[in-house]
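Asker: Below: one structure in structure tokens.
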Amino acid sequence: MLWHLNASSKVPALAVASPIERGEVIEAADLRVVYVASDDTLARMSSGESDAVVGRVALVDLAAGTLLTRSVVADAAALDAGDGVVGLALDPGQYPALGLAPGDRVHVVRSGETAPETDDAPDTQVIARGATVFAVEDLSSDRKLVSILTSEADAEVVAATAGAGGLRLVLVATP
């Protein structure tokens, strides 16, 4: 058995050098090459594929030593013509307890006293649907600065409404 383990060839694979949290942009320093042996096809990226990972966002928390695959990374959100990014300083309860990461899809809802009542939804109003979380920064006392990417018009409405307070982010499924 030992002879078989030593005789099997090892192949280079990309692995995580130090922990990467969901939503972080992966840098070259976050990666290392490991050698793995397997008789079966192993889900992995070869050592020459680091360009496919560097500069992309981690979709899940990655522990040191985790083998990388394309399914755990995504492109970072980009700003195109007609897009707008607006920052929201949010208190606990105004964002999901699960947390938010770049690439998450959210609706921005105005609630409470700041929302005009309608027949459809008293005390609430969605002011931006399908926005993308652009960046998340921790502030003091569990507050978060969440920047969201949406249309330029929706970003302007969110920015104008943010001063009145009462905004909440609703995490929704990515289509």
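Residue numbering restarts at 1 for every chain of the structure tokens, chains are lettered A, B, ... in their displayed order, and ligands are numbered from 1 as they appear.
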Could you name the residues that touch Val146 of chain A at 8 Å or less, counting only C-alpha atoms, but leaving out those on the same chain fewer than 3 positions away, as number ranges by chain?
Answerer: A: 87-90, 133-137
Asker: I need the chosen residues saved as an mmCIF file, in the first residue's frame, with all heavy atoms.
Answerer:
```cif
data_model
loop_
_atom_site.group_PDB
_atom_site.id
_atom_site.type_symbol
_atom_site.label_atom_id
_atom_site.label_comp_id
_atom_site.auth_asym_id
_atom_site.auth_seq_id
_atom_site.Cartn_x
_atom_site.Cartn_y
_atom_site.Cartn_z
ATOM 1 N N GLY A 87 -24.030 54.415 -0.859
ATOM 2 C CA GLY A 87 -23.645 53.836 0.421
ATOM 3 C C GLY A 87 -24.708 54.056 1.473
ATOM 4 O O GLY A 87 -25.315 55.124 1.538
ATOM 5 N N LEU A 88 -24.934 53.030 2.276
ATOM 6 C CA LEU A 88 -25.909 53.108 3.355
ATOM 7 C C LEU A 88 -25.257 52.693 4.664
ATOM 8 O O LEU A 88 -24.695 51.602 4.754
ATOM 9 C CB LEU A 88 -27.094 52.172 3.073
ATOM 10 C CG LEU A 88 -27.877 52.435 1.797
ATOM 11 C CD1 LEU A 88 -28.852 51.299 1.541
ATOM 12 C CD2 LEU A 88 -28.601 53.769 1.893
ATOM 13 N N ALA A 89 -25.301 53.557 5.672
ATOM 14 C CA ALA A 89 -24.831 53.212 7.012
ATOM 15 C C ALA A 89 -26.014 52.593 7.736
ATOM 16 O O ALA A 89 -27.009 53.274 8.001
ATOM 17 C CB ALA A 89 -24.322 54.445 7.741
ATOM 18 N N LEU A 90 -25.911 51.289 8.017
ATOM 19 C CA LEU A 90 -27.059 50.555 8.556
ATOM 20 C C LEU A 90 -26.776 50.012 9.950
ATOM 21 O O LEU A 90 -25.674 49.551 10.240
ATOM 22 C CB LEU A 90 -27.413 49.390 7.618
ATOM 23 C CG LEU A 90 -27.749 49.780 6.184
ATOM 24 C CD1 LEU A 90 -27.911 48.538 5.325
ATOM 25 C CD2 LEU A 90 -29.011 50.626 6.150
ATOM 26 N N VAL A 133 -25.067 44.044 -3.958
ATOM 27 C CA VAL A 133 -24.147 44.548 -2.939
ATOM 28 C C VAL A 133 -22.791 44.732 -3.608
ATOM 29 O O VAL A 133 -22.233 43.807 -4.190
ATOM 30 C CB VAL A 133 -24.059 43.591 -1.734
ATOM 31 C CG1 VAL A 133 -22.998 44.067 -0.757
ATOM 32 C CG2 VAL A 133 -25.411 43.478 -1.047
ATOM 33 N N PHE A 134 -22.272 45.942 -3.558
ATOM 34 C CA PHE A 134 -21.014 46.307 -4.200
ATOM 35 C C PHE A 134 -19.846 46.159 -3.233
ATOM 36 O O PHE A 134 -18.782 45.691 -3.594
ATOM 37 C CB PHE A 134 -21.123 47.751 -4.711
ATOM 38 C CG PHE A 134 -20.045 48.162 -5.665
ATOM 39 C CD1 PHE A 134 -20.086 47.767 -6.981
ATOM 40 C CD2 PHE A 134 -18.999 48.978 -5.248
ATOM 41 C CE1 PHE A 134 -19.099 48.151 -7.877
ATOM 42 C CE2 PHE A 134 -18.019 49.373 -6.126
ATOM 43 C CZ PHE A 134 -18.064 48.957 -7.445
ATOM 44 N N ALA A 135 -20.054 46.569 -1.981
ATOM 45 C CA ALA A 135 -19.009 46.479 -0.954
ATOM 46 C C ALA A 135 -19.663 46.526 0.419
ATOM 47 O O ALA A 135 -20.756 47.077 0.571
ATOM 48 C CB ALA A 135 -18.010 47.626 -1.095
ATOM 49 N N VAL A 136 -18.987 45.940 1.406
ATOM 50 C CA VAL A 136 -19.468 45.947 2.789
ATOM 51 C C VAL A 136 -18.287 46.274 3.689
ATOM 52 O O VAL A 136 -17.218 45.690 3.549
ATOM 53 C CB VAL A 136 -20.063 44.583 3.208
ATOM 54 C CG1 VAL A 136 -20.542 44.622 4.654
ATOM 55 C CG2 VAL A 136 -21.189 44.165 2.283
ATOM 56 N N GLU A 137 -18.508 47.217 4.588
ATOM 57 C CA GLU A 137 -17.455 47.597 5.538
ATOM 58 C C GLU A 137 -18.060 47.638 6.934
ATOM 59 O O GLU A 137 -19.148 48.182 7.131
ATOM 60 C CB GLU A 137 -16.915 48.975 5.155
ATOM 61 C CG GLU A 137 -15.762 49.438 6.000
ATOM 62 C CD GLU A 137 -15.259 50.804 5.553
ATOM 63 O OE1 GLU A 137 -15.307 51.096 4.345
ATOM 64 O OE2 GLU A 137 -14.838 51.574 6.428
#
```
Asker: Using only C-alpha atoms, which residues sit within 10 Å of Gly93 of chain A once same-chain residues fewer than 6 positions away are excluded, as a ChimeraX atom specification?
Answerer: /A:143,168-169
Asker: Now that the selection is made, can you save its residues with N, CA, C and O atoms as a PDB file, in the first residue's frame?
Answerer:
```pdb
ATOM      1  N   ARG A 143     -22.613  48.325  13.297  1.00  0.00           N
ATOM      2  CA  ARG A 143     -23.124  49.055  12.136  1.00  0.00           C
ATOM      3  C   ARG A 143     -22.321  48.618  10.918  1.00  0.00           C
ATOM      4  O   ARG A 143     -21.185  48.211  11.025  1.00  0.00           O
ATOM      5  N   ARG A 168     -34.186  49.470   4.929  1.00  0.00           N
ATOM      6  CA  ARG A 168     -33.770  48.106   5.256  1.00  0.00           C
ATOM      7  C   ARG A 168     -33.385  47.400   3.964  1.00  0.00           C
ATOM      8  O   ARG A 168     -33.941  47.684   2.906  1.00  0.00           O
ATOM      9  N   LEU A 169     -32.451  46.463   4.089  1.00  0.00           N
ATOM     10  CA  LEU A 169     -32.067  45.647   2.946  1.00  0.00           C
ATOM     11  C   LEU A 169     -32.662  44.258   3.106  1.00  0.00           C
ATOM     12  O   LEU A 169     -32.580  43.653   4.185  1.00  0.00           O
TER      13      LEU A 169
END
```
Asker: List the spatial neighbours of Val157 of chain A as a ChimeraX atom specification - criterion: any atom at most 8 Å away, only C-alpha atoms, same-chain residues fewer than 4 positions off excluded.
Answerer: /A:127,153,161
Asker: Print the selection's residues with N, CA and C atoms to a file, as a compact mmCIF listing (two decimals), in the first residue's frame.
Answerer:
```
# COMPACT_ATOMS: atom_id res chain seq x y z
N ILE A 127 -38.01 50.63 -2.82
CA ILE A 127 -37.55 51.75 -3.64
C ILE A 127 -36.46 51.35 -4.62
N ALA A 153 -30.93 55.98 -11.56
CA ALA A 153 -32.15 56.59 -11.04
C ALA A 153 -32.51 56.03 -9.67
N THR A 161 -33.52 59.20 0.02
CA THR A 161 -34.35 58.63 1.07
C THR A 161 -33.54 58.26 2.31
```
Asker: Between A:Ala28, A:Ala155, A:Ala101, A:Pro175, which residue has the minimum interatomic distance to Val85 of chain A, considering only C-alpha atoms?
Answerer: A:Ala155
Asker: Which of chain A counts as strand (DSSP E or B) under DSSP, as a PyMOL selection string please?
Answerer: chain A and resi 10-16+20+25+31-37+57-58+62+67+73-74+83-90+105-111+124-138+144-151+167-172
Asker: Pick out each residue of chain A that DSSP on the backbone tags as alpha helix (DSSP H); I need them as a ChimeraX atom specification.
Answerer: /A:2-7,152-162
Asker: Write out as a count of residues only which residues come within 12 Å of segment 80-84 of chain A when counting only C-alpha atoms, dropping same-chain ones fewer than 2 positions away.
Answerer: 22
Asker: Using only C-alpha atoms, which residues sit within 8 Å of Val170 of chain A once same-chain residues fewer than 3 positions away are excluded, as a ChimeraX atom specification?
Answerer: /A:95-96,106-109
Asker: Next, dump the selected residues to file, keeping only all heavy atoms, as a short mmCIF file (atom, residue, chain, number, x, y, z; two decimals), in the first residue's frame.
Answerer:
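What landed in part_30.cif:
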```
data_model
loop_
_atom_site.label_atom_id
_atom_site.label_comp_id
_atom_site.auth_asym_id
_atom_site.auth_seq_id
_atom_site.Cartn_x
_atom_site.Cartn_y
_atom_site.Cartn_z
N TYR A 95 -30.16 45.20 8.13
CA TYR A 95 -29.53 44.29 7.17
C TYR A 95 -29.70 42.87 7.72
O TYR A 95 -29.88 42.69 8.93
CB TYR A 95 -28.05 44.64 6.96
CG TYR A 95 -27.21 44.65 8.21
CD1 TYR A 95 -26.61 43.48 8.67
CD2 TYR A 95 -27.03 45.81 8.94
CE1 TYR A 95 -25.84 43.48 9.83
CE2 TYR A 95 -26.26 45.82 10.10
CZ TYR A 95 -25.66 44.66 10.53
OH TYR A 95 -24.91 44.66 11.67
N PRO A 96 -29.66 41.85 6.88
CA PRO A 96 -29.88 40.48 7.34
C PRO A 96 -28.81 40.02 8.33
O PRO A 96 -27.63 40.36 8.19
CB PRO A 96 -29.80 39.64 6.06
CG PRO A 96 -30.04 40.61 4.95
CD PRO A 96 -29.50 41.92 5.43
N VAL A 106 -30.14 42.31 -3.39
CA VAL A 106 -31.00 42.84 -2.33
C VAL A 106 -32.07 43.76 -2.91
O VAL A 106 -31.92 44.29 -4.00
CB VAL A 106 -30.19 43.63 -1.27
CG1 VAL A 106 -29.23 42.74 -0.51
CG2 VAL A 106 -29.46 44.81 -1.89
N HIS A 107 -33.15 43.91 -2.14
CA HIS A 107 -34.14 44.95 -2.39
C HIS A 107 -33.94 45.99 -1.29
O HIS A 107 -33.67 45.63 -0.14
CB HIS A 107 -35.56 44.42 -2.30
CG HIS A 107 -35.94 43.42 -3.35
ND1 HIS A 107 -35.44 43.40 -4.63
CD2 HIS A 107 -36.80 42.37 -3.29
CE1 HIS A 107 -35.97 42.41 -5.30
NE2 HIS A 107 -36.80 41.76 -4.51
N VAL A 108 -34.08 47.26 -1.62
CA VAL A 108 -34.02 48.33 -0.63
C VAL A 108 -35.45 48.73 -0.32
O VAL A 108 -36.22 49.09 -1.21
CB VAL A 108 -33.23 49.55 -1.14
CG1 VAL A 108 -33.17 50.64 -0.08
CG2 VAL A 108 -31.83 49.15 -1.58
N VAL A 109 -35.81 48.62 0.96
CA VAL A 109 -37.18 48.88 1.39
C VAL A 109 -37.20 50.05 2.37
O VAL A 109 -36.40 50.11 3.30
CB VAL A 109 -37.77 47.62 2.08
CG1 VAL A 109 -39.18 47.88 2.59
CG2 VAL A 109 -37.75 46.44 1.14
#
```
Asker: Env of segment 50-61 of chain A: 7 Å cut, atoms = only C-alpha atoms, seq-sep filter 6 positions within chain, self excluded. Answer as a PDB file with all heavy atoms, in the first residue's frame.
Answerer:
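Saved the output as result.pdb:
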```
ATOM      1  N   ILE A  20     -10.002  33.089   3.694  1.00  0.00           N
ATOM      2  CA  ILE A  20     -10.635  34.131   2.892  1.00  0.00           C
ATOM      3  C   ILE A  20     -12.113  34.127   3.252  1.00  0.00           C
ATOM      4  O   ILE A  20     -12.763  33.082   3.197  1.00  0.00           O
ATOM      5  CB  ILE A  20     -10.465  33.860   1.379  1.00  0.00           C
ATOM      6  CG1 ILE A  20      -8.984  33.801   0.993  1.00  0.00           C
ATOM      7  CG2 ILE A  20     -11.206  34.919   0.558  1.00  0.00           C
ATOM      8  CD1 ILE A  20      -8.744  33.340  -0.432  1.00  0.00           C
ATOM      9  N   GLU A  21     -12.636  35.283   3.629  1.00  0.00           N
ATOM     10  CA  GLU A  21     -14.047  35.372   3.985  1.00  0.00           C
ATOM     11  C   GLU A  21     -14.900  35.595   2.745  1.00  0.00           C
ATOM     12  O   GLU A  21     -14.451  36.189   1.762  1.00  0.00           O
ATOM     13  CB  GLU A  21     -14.285  36.516   4.969  1.00  0.00           C
ATOM     14  CG  GLU A  21     -13.698  36.257   6.336  1.00  0.00           C
ATOM     15  CD  GLU A  21     -14.027  37.363   7.320  1.00  0.00           C
ATOM     16  OE1 GLU A  21     -14.924  38.182   7.042  1.00  0.00           O
ATOM     17  OE2 GLU A  21     -13.377  37.401   8.378  1.00  0.00           O
ATOM     18  N   ARG A  22     -16.114  35.114   2.810  1.00  0.00           N
ATOM     19  CA  ARG A  22     -17.089  35.307   1.743  1.00  0.00           C
ATOM     20  C   ARG A  22     -17.162  36.794   1.408  1.00  0.00           C
ATOM     21  O   ARG A  22     -17.266  37.633   2.295  1.00  0.00           O
ATOM     22  CB  ARG A  22     -18.445  34.789   2.237  1.00  0.00           C
ATOM     23  CG  ARG A  22     -19.585  35.021   1.314  1.00  0.00           C
ATOM     24  CD  ARG A  22     -20.840  34.407   1.951  1.00  0.00           C
ATOM     25  NE  ARG A  22     -22.002  34.865   1.272  1.00  0.00           N
ATOM     26  CZ  ARG A  22     -22.897  35.703   1.778  1.00  0.00           C
ATOM     27  NH1 ARG A  22     -22.779  36.146   3.010  1.00  0.00           N
ATOM     28  NH2 ARG A  22     -23.932  36.083   1.074  1.00  0.00           N
ATOM     29  N   GLY A  23     -17.083  37.101   0.114  1.00  0.00           N
ATOM     30  CA  GLY A  23     -17.187  38.482  -0.327  1.00  0.00           C
ATOM     31  C   GLY A  23     -15.856  39.189  -0.510  1.00  0.00           C
ATOM     32  O   GLY A  23     -15.810  40.254  -1.102  1.00  0.00           O
ATOM     33  N   GLU A  24     -14.765  38.601  -0.011  1.00  0.00           N
ATOM     34  CA  GLU A  24     -13.453  39.225  -0.173  1.00  0.00           C
ATOM     35  C   GLU A  24     -12.931  39.009  -1.586  1.00  0.00           C
ATOM     36  O   GLU A  24     -13.167  37.968  -2.195  1.00  0.00           O
ATOM     37  CB  GLU A  24     -12.436  38.624   0.805  1.00  0.00           C
ATOM     38  CG  GLU A  24     -12.548  39.132   2.208  1.00  0.00           C
ATOM     39  CD  GLU A  24     -11.420  38.607   3.097  1.00  0.00           C
ATOM     40  OE1 GLU A  24     -10.275  38.507   2.615  1.00  0.00           O
ATOM     41  OE2 GLU A  24     -11.701  38.291   4.251  1.00  0.00           O
ATOM     42  N   VAL A  25     -12.197  39.994  -2.082  1.00  0.00           N
ATOM     43  CA  VAL A  25     -11.535  39.862  -3.370  1.00  0.00           C
ATOM     44  C   VAL A  25     -10.254  39.061  -3.153  1.00  0.00           C
ATOM     45  O   VAL A  25      -9.460  39.364  -2.256  1.00  0.00           O
ATOM     46  CB  VAL A  25     -11.227  41.243  -3.990  1.00  0.00           C
ATOM     47  CG1 VAL A  25     -10.425  41.105  -5.271  1.00  0.00           C
ATOM     48  CG2 VAL A  25     -12.526  42.010  -4.245  1.00  0.00           C
ATOM     49  N   ILE A  26     -10.052  38.042  -3.961  1.00  0.00           N
ATOM     50  CA  ILE A  26      -8.903  37.154  -3.817  1.00  0.00           C
ATOM     51  C   ILE A  26      -7.681  37.779  -4.475  1.00  0.00           C
ATOM     52  O   ILE A  26      -7.748  38.257  -5.608  1.00  0.00           O
ATOM     53  CB  ILE A  26      -9.211  35.773  -4.430  1.00  0.00           C
ATOM     54  CG1 ILE A  26     -10.402  35.147  -3.698  1.00  0.00           C
ATOM     55  CG2 ILE A  26      -7.981  34.860  -4.377  1.00  0.00           C
ATOM     56  CD1 ILE A  26     -10.927  33.885  -4.331  1.00  0.00           C
ATOM     57  N   GLU A  27      -6.577  37.784  -3.755  1.00  0.00           N
ATOM     58  CA  GLU A  27      -5.314  38.323  -4.254  1.00  0.00           C
ATOM     59  C   GLU A  27      -4.330  37.175  -4.443  1.00  0.00           C
ATOM     60  O   GLU A  27      -4.492  36.095  -3.868  1.00  0.00           O
ATOM     61  CB  GLU A  27      -4.767  39.341  -3.265  1.00  0.00           C
ATOM     62  CG  GLU A  27      -5.697  40.523  -3.060  1.00  0.00           C
ATOM     63  CD  GLU A  27      -5.197  41.490  -1.997  1.00  0.00           C
ATOM     64  OE1 GLU A  27      -4.072  41.314  -1.494  1.00  0.00           O
ATOM     65  OE2 GLU A  27      -5.941  42.420  -1.676  1.00  0.00           O
ATOM     66  N   ALA A  28      -3.280  37.421  -5.212  1.00  0.00           N
ATOM     67  CA  ALA A  28      -2.274  36.391  -5.478  1.00  0.00           C
ATOM     68  C   ALA A  28      -1.655  35.865  -4.183  1.00  0.00           C
ATOM     69  O   ALA A  28      -1.362  34.667  -4.066  1.00  0.00           O
ATOM     70  CB  ALA A  28      -1.194  36.937  -6.412  1.00  0.00           C
ATOM     71  N   VAL A  72     -16.427  28.487  -6.654  1.00  0.00           N
ATOM     72  CA  VAL A  72     -16.397  29.229  -5.388  1.00  0.00           C
ATOM     73  C   VAL A  72     -16.001  30.691  -5.570  1.00  0.00           C
ATOM     74  O   VAL A  72     -15.819  31.408  -4.598  1.00  0.00           O
ATOM     75  CB  VAL A  72     -15.468  28.555  -4.343  1.00  0.00           C
ATOM     76  CG1 VAL A  72     -15.968  27.169  -3.985  1.00  0.00           C
ATOM     77  CG2 VAL A  72     -14.028  28.531  -4.810  1.00  0.00           C
ATOM     78  N   VAL A  73     -15.875  31.139  -6.826  1.00  0.00           N
ATOM     79  CA  VAL A  73     -15.520  32.534  -7.099  1.00  0.00           C
ATOM     80  C   VAL A  73     -16.476  33.128  -8.124  1.00  0.00           C
ATOM     81  O   VAL A  73     -17.102  32.408  -8.893  1.00  0.00           O
ATOM     82  CB  VAL A  73     -14.063  32.675  -7.606  1.00  0.00           C
ATOM     83  CG1 VAL A  73     -13.072  32.240  -6.555  1.00  0.00           C
ATOM     84  CG2 VAL A  73     -13.850  31.914  -8.895  1.00  0.00           C
ATOM     85  N   ALA A  74     -16.584  34.453  -8.106  1.00  0.00           N
ATOM     86  CA  ALA A  74     -17.420  35.168  -9.075  1.00  0.00           C
ATOM     87  C   ALA A  74     -16.739  36.480  -9.408  1.00  0.00           C
ATOM     88  O   ALA A  74     -15.878  36.959  -8.667  1.00  0.00           O
ATOM     89  CB  ALA A  74     -18.807  35.427  -8.498  1.00  0.00           C
ATOM     90  N   ASP A  75     -17.136  37.059 -10.519  1.00  0.00           N
ATOM     91  CA  ASP A  75     -16.601  38.357 -10.896  1.00  0.00           C
ATOM     92  C   ASP A  75     -17.052  39.408  -9.901  1.00  0.00           C
ATOM     93  O   ASP A  75     -18.177  39.367  -9.403  1.00  0.00           O
ATOM     94  CB  ASP A  75     -17.086  38.764 -12.293  1.00  0.00           C
ATOM     95  CG  ASP A  75     -16.466  37.914 -13.388  1.00  0.00           C
ATOM     96  OD1 ASP A  75     -15.317  37.472 -13.221  1.00  0.00           O
ATOM     97  OD2 ASP A  75     -17.128  37.691 -14.408  1.00  0.00           O
ATOM     98  N   ALA A  76     -16.167  40.340  -9.605  1.00  0.00           N
ATOM     99  CA  ALA A  76     -16.534  41.472  -8.751  1.00  0.00           C
ATOM    100  C   ALA A  76     -17.489  42.361  -9.541  1.00  0.00           C
ATOM    101  O   ALA A  76     -17.410  42.441 -10.761  1.00  0.00           O
ATOM    102  CB  ALA A  76     -15.280  42.245  -8.354  1.00  0.00           C
TER     103      ALA A  76
END
```
Asker: I'd like to know which of A:Val172, A:Ala164, A:Met45, A:Val11 is closest to Leu100 of chain A, using only C-alpha atoms.
Answerer: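 Nearest to Leu100 of chain A: A:Val172.
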